[in-house]
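Asks: Let me give you the structure first, and then I'll get to my questions.
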Amino acid sequence: MRLTTKGRFAVTAMADLALHGGEEPVTLAAISGRQKISLSYLEQLFGRLRRCRLVDSVRGPGGGYRLARSPALISVAEVVRAVDESLDATQCGGDENCKDEARCLTHDLWTNLNSRMYEYLVSVTLADLIEKHANRSGARSVPLKDARRRNSRAVSAPV
């Protein structure tokens with residue numbers, strides 16, 4: 001599996017947004033400061049996340065980003081896919097030409113690993129990440145149930 005910085009940073013930034021989001025939008029500068037991710041890199045990632053309708057942007061003073069839906073309804077797989085991250089353990093990209101233009105001996109192993117990775121990432125939500133973080137740190141910035149309620153209301157509100 002090759003998960004690059006792009007996928008890791010996108011998941012980290014979305015988890016931060018889920019954790020710190022609420023009534024007010026969260027600025028990329030705030031995420032950048034907390035997570036030590038370049039602001040310009042976050043701008044690129046959030047452009048993709050917005051186009052995939054995972055976040056909503058709020059313009060103007062006090063603007064920033066909000067999750068487009070509840071953290072419980074956004075899987076890590078969606079975030080990774082939104083930034084065009086490939087989760088492929090095969091050398092051939094699934095083309096079955098891994099060894100001298102033929103299928104290699106271990107092709108099925110890597111293909112099955114791809115499936116398992118994807119299934120796992122689909123099963124993990126931003127809410128799961130926040131909950132695990134809260135259990136480890138013993139504190140939350142925004143109570144998760146309140147963040148879920150606020151984000152679910154934001155989805156139903158007209159934009």
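So you can find residues: chains in the structure tokens are A, B, ... in the order shown, residues in each start at 1, and ligands are numbered from 1 in order.
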Which residues are near A:Asp16? Cut-off 10 Å, only C-alpha atoms, ignore same chain within fewer than 3 positions. Put them as a list in words.

Replies: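 Counting only the stated atoms, we get Ala10, Val11, Thr12, Ala13, Leu19, His20, Gly21, Val26, Ala30, Ile31, Ser32, Arg34, Gln35, Leu126, Leu129, Ile130 and Ser141 of chain A.
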
Asks: Take the selection from the previous step and output its residues with N, CA and C atoms, as a PDB file, in the first residue's frame.

Replies:
```pdb
ATOM      1  N   ALA A  10      -4.951  14.943   4.208  1.00  0.00           N
ATOM      2  CA  ALA A  10      -6.386  15.174   3.999  1.00  0.00           C
ATOM      3  C   ALA A  10      -7.191  14.558   5.139  1.00  0.00           C
ATOM      4  N   VAL A  11      -6.850  13.344   5.535  1.00  0.00           N
ATOM      5  CA  VAL A  11      -7.563  12.686   6.635  1.00  0.00           C
ATOM      6  C   VAL A  11      -7.325  13.438   7.937  1.00  0.00           C
ATOM      7  N   THR A  12      -6.090  13.841   8.192  1.00  0.00           N
ATOM      8  CA  THR A  12      -5.769  14.583   9.410  1.00  0.00           C
ATOM      9  C   THR A  12      -6.528  15.908   9.455  1.00  0.00           C
ATOM     10  N   ALA A  13      -6.549  16.624   8.349  1.00  0.00           N
ATOM     11  CA  ALA A  13      -7.233  17.922   8.306  1.00  0.00           C
ATOM     12  C   ALA A  13      -8.741  17.754   8.482  1.00  0.00           C
ATOM     13  N   LEU A  19     -13.334  17.643  14.651  1.00  0.00           N
ATOM     14  CA  LEU A  19     -13.121  17.840  16.081  1.00  0.00           C
ATOM     15  C   LEU A  19     -13.401  19.277  16.506  1.00  0.00           C
ATOM     16  N   HIS A  20     -12.947  20.231  15.716  1.00  0.00           N
ATOM     17  CA  HIS A  20     -13.033  21.635  16.105  1.00  0.00           C
ATOM     18  C   HIS A  20     -14.191  22.376  15.452  1.00  0.00           C
ATOM     19  N   GLY A  21     -14.871  21.735  14.528  1.00  0.00           N
ATOM     20  CA  GLY A  21     -15.998  22.373  13.858  1.00  0.00           C
ATOM     21  C   GLY A  21     -17.204  22.451  14.771  1.00  0.00           C
ATOM     22  N   VAL A  26     -14.329  26.733  10.472  1.00  0.00           N
ATOM     23  CA  VAL A  26     -12.940  26.613  10.901  1.00  0.00           C
ATOM     24  C   VAL A  26     -12.054  27.102   9.759  1.00  0.00           C
ATOM     25  N   ALA A  30      -6.169  27.920  11.023  1.00  0.00           N
ATOM     26  CA  ALA A  30      -6.267  27.272  12.337  1.00  0.00           C
ATOM     27  C   ALA A  30      -5.868  25.801  12.229  1.00  0.00           C
ATOM     28  N   ILE A  31      -6.355  25.127  11.193  1.00  0.00           N
ATOM     29  CA  ILE A  31      -5.987  23.725  10.987  1.00  0.00           C
ATOM     30  C   ILE A  31      -4.488  23.622  10.742  1.00  0.00           C
ATOM     31  N   SER A  32      -3.967  24.514   9.923  1.00  0.00           N
ATOM     32  CA  SER A  32      -2.542  24.531   9.602  1.00  0.00           C
ATOM     33  C   SER A  32      -1.710  24.673  10.874  1.00  0.00           C
ATOM     34  N   ARG A  34      -2.595  24.007  14.041  1.00  0.00           N
ATOM     35  CA  ARG A  34      -2.726  22.861  14.955  1.00  0.00           C
ATOM     36  C   ARG A  34      -2.034  21.618  14.422  1.00  0.00           C
ATOM     37  N   GLN A  35      -2.137  21.389  13.118  1.00  0.00           N
ATOM     38  CA  GLN A  35      -1.640  20.134  12.545  1.00  0.00           C
ATOM     39  C   GLN A  35      -0.273  20.268  11.871  1.00  0.00           C
ATOM     40  N   LEU A 126     -14.954   9.698  10.316  1.00  0.00           N
ATOM     41  CA  LEU A 126     -14.315  10.789  11.051  1.00  0.00           C
ATOM     42  C   LEU A 126     -14.758  10.765  12.512  1.00  0.00           C
ATOM     43  N   LEU A 129     -12.585   8.399  14.399  1.00  0.00           N
ATOM     44  CA  LEU A 129     -11.264   8.955  14.683  1.00  0.00           C
ATOM     45  C   LEU A 129     -11.315   9.917  15.865  1.00  0.00           C
ATOM     46  N   ILE A 130     -12.344  10.753  15.891  1.00  0.00           N
ATOM     47  CA  ILE A 130     -12.489  11.724  16.972  1.00  0.00           C
ATOM     48  C   ILE A 130     -12.730  11.013  18.291  1.00  0.00           C
ATOM     49  N   SER A 141     -12.580  19.074  22.161  1.00  0.00           N
ATOM     50  CA  SER A 141     -12.782  20.497  21.934  1.00  0.00           C
ATOM     51  C   SER A 141     -14.282  20.787  21.848  1.00  0.00           C
TER      52      SER A 141
END
```

Asks: How far is it from atom CA of A:Asn112 to atom CA of A:Gly93, in Å with one decimal?

Replies: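 Computing it gives 13.0 Å between the two atoms.
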
Asks: Within stretch 35-108 of chain A, find each residue whose DSSP state, derived from the backbone, is alpha helix (DSSP H), and express the selection as a PyMOL selection string.

Replies: chain A and resi 35+39-51+76-82+107-108

Asks: May I have the residues from that selection written out with N, CA and C atoms, as a short mmCIF file (atom, residue, chain, number, x, y, z; two decimals), in the first residue's frame?

Replies:
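The result, stored in again_18.cif:
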```cif
data_model
loop_
_atom_site.label_atom_id
_atom_site.label_comp_id
_atom_site.auth_asym_id
_atom_site.auth_seq_id
_atom_site.Cartn_x
_atom_site.Cartn_y
_atom_site.Cartn_z
N GLN A 35 -2.14 21.39 13.12
CA GLN A 35 -1.64 20.13 12.54
C GLN A 35 -0.27 20.27 11.87
N LEU A 39 -0.28 25.83 4.79
CA LEU A 39 -1.55 26.45 4.42
C LEU A 39 -1.84 26.30 2.93
N SER A 40 -0.84 26.49 2.09
CA SER A 40 -1.07 26.37 0.64
C SER A 40 -1.43 24.93 0.26
N TYR A 41 -0.85 23.97 0.95
CA TYR A 41 -1.18 22.56 0.71
C TYR A 41 -2.62 22.28 1.13
N LEU A 42 -3.03 22.82 2.28
CA LEU A 42 -4.41 22.66 2.73
C LEU A 42 -5.39 23.29 1.75
N GLU A 43 -5.04 24.44 1.20
CA GLU A 43 -5.91 25.08 0.22
C GLU A 43 -6.15 24.18 -0.98
N GLN A 44 -5.11 23.52 -1.45
CA GLN A 44 -5.26 22.58 -2.57
C GLN A 44 -6.15 21.40 -2.18
N LEU A 45 -5.89 20.82 -1.01
CA LEU A 45 -6.67 19.67 -0.55
C LEU A 45 -8.13 20.04 -0.36
N PHE A 46 -8.39 21.18 0.26
CA PHE A 46 -9.77 21.56 0.54
C PHE A 46 -10.53 21.95 -0.72
N GLY A 47 -9.82 22.38 -1.74
CA GLY A 47 -10.49 22.60 -3.03
C GLY A 47 -11.06 21.29 -3.55
N ARG A 48 -10.29 20.23 -3.45
CA ARG A 48 -10.76 18.91 -3.88
C ARG A 48 -11.87 18.38 -2.97
N LEU A 49 -11.69 18.56 -1.68
CA LEU A 49 -12.70 18.09 -0.73
C LEU A 49 -14.03 18.82 -0.93
N ARG A 50 -13.95 20.09 -1.28
CA ARG A 50 -15.17 20.87 -1.54
C ARG A 50 -15.85 20.39 -2.82
N ARG A 51 -15.06 20.15 -3.86
CA ARG A 51 -15.63 19.66 -5.13
C ARG A 51 -16.29 18.29 -4.96
N VAL A 76 -13.22 7.51 6.01
CA VAL A 76 -11.84 7.82 5.65
C VAL A 76 -11.61 7.52 4.17
N ALA A 77 -12.24 6.46 3.66
CA ALA A 77 -12.09 6.12 2.25
C ALA A 77 -12.57 7.25 1.34
N GLU A 78 -13.68 7.90 1.71
CA GLU A 78 -14.18 9.02 0.91
C GLU A 78 -13.17 10.16 0.87
N VAL A 79 -12.56 10.43 1.99
CA VAL A 79 -11.58 11.52 2.08
C VAL A 79 -10.37 11.20 1.20
N VAL A 80 -9.89 9.98 1.31
CA VAL A 80 -8.71 9.56 0.54
C VAL A 80 -9.03 9.61 -0.96
N ARG A 81 -10.21 9.12 -1.34
CA ARG A 81 -10.61 9.16 -2.76
C ARG A 81 -10.76 10.57 -3.27
N ALA A 82 -11.26 11.47 -2.42
CA ALA A 82 -11.50 12.85 -2.83
C ALA A 82 -10.21 13.56 -3.25
N HIS A 107 0.08 -11.75 -7.41
CA HIS A 107 -0.91 -10.74 -7.82
C HIS A 107 -2.19 -10.81 -6.98
N ASP A 108 -2.72 -12.01 -6.78
CA ASP A 108 -3.96 -12.16 -6.00
C ASP A 108 -3.79 -11.71 -4.56
#
```

Asks: Expressed in Å to a single decimal, how great is the separation between atom CA of A:Leu17 and atom CA of A:Ser137?

Replies: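 For atom CA of A:Leu17 relative to atom CA of A:Ser137, the distance reads 17.1 Å.
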
Asks: Could you tell me how far atom CA of A:Thr125 sits from atom CA of A:Thr90, in Å to one decimal place?

Replies: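 That distance, rounded to one decimal, is 25.5 Å.
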
Asks: DSSP on the backbone: what in chain A comes out strand (DSSP E), as an MDAnalysis selection string?

Replies: chainID A and resid 55:58 64:67

Asks: When you count only C-alpha atoms, which of these residues is closest to A:Tyr65: A:Cys52, A:Ile37, A:Leu121, A:Met14?

Replies: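 Counting only C-alpha atoms, the residue closest to A:Tyr65 is A:Met14.
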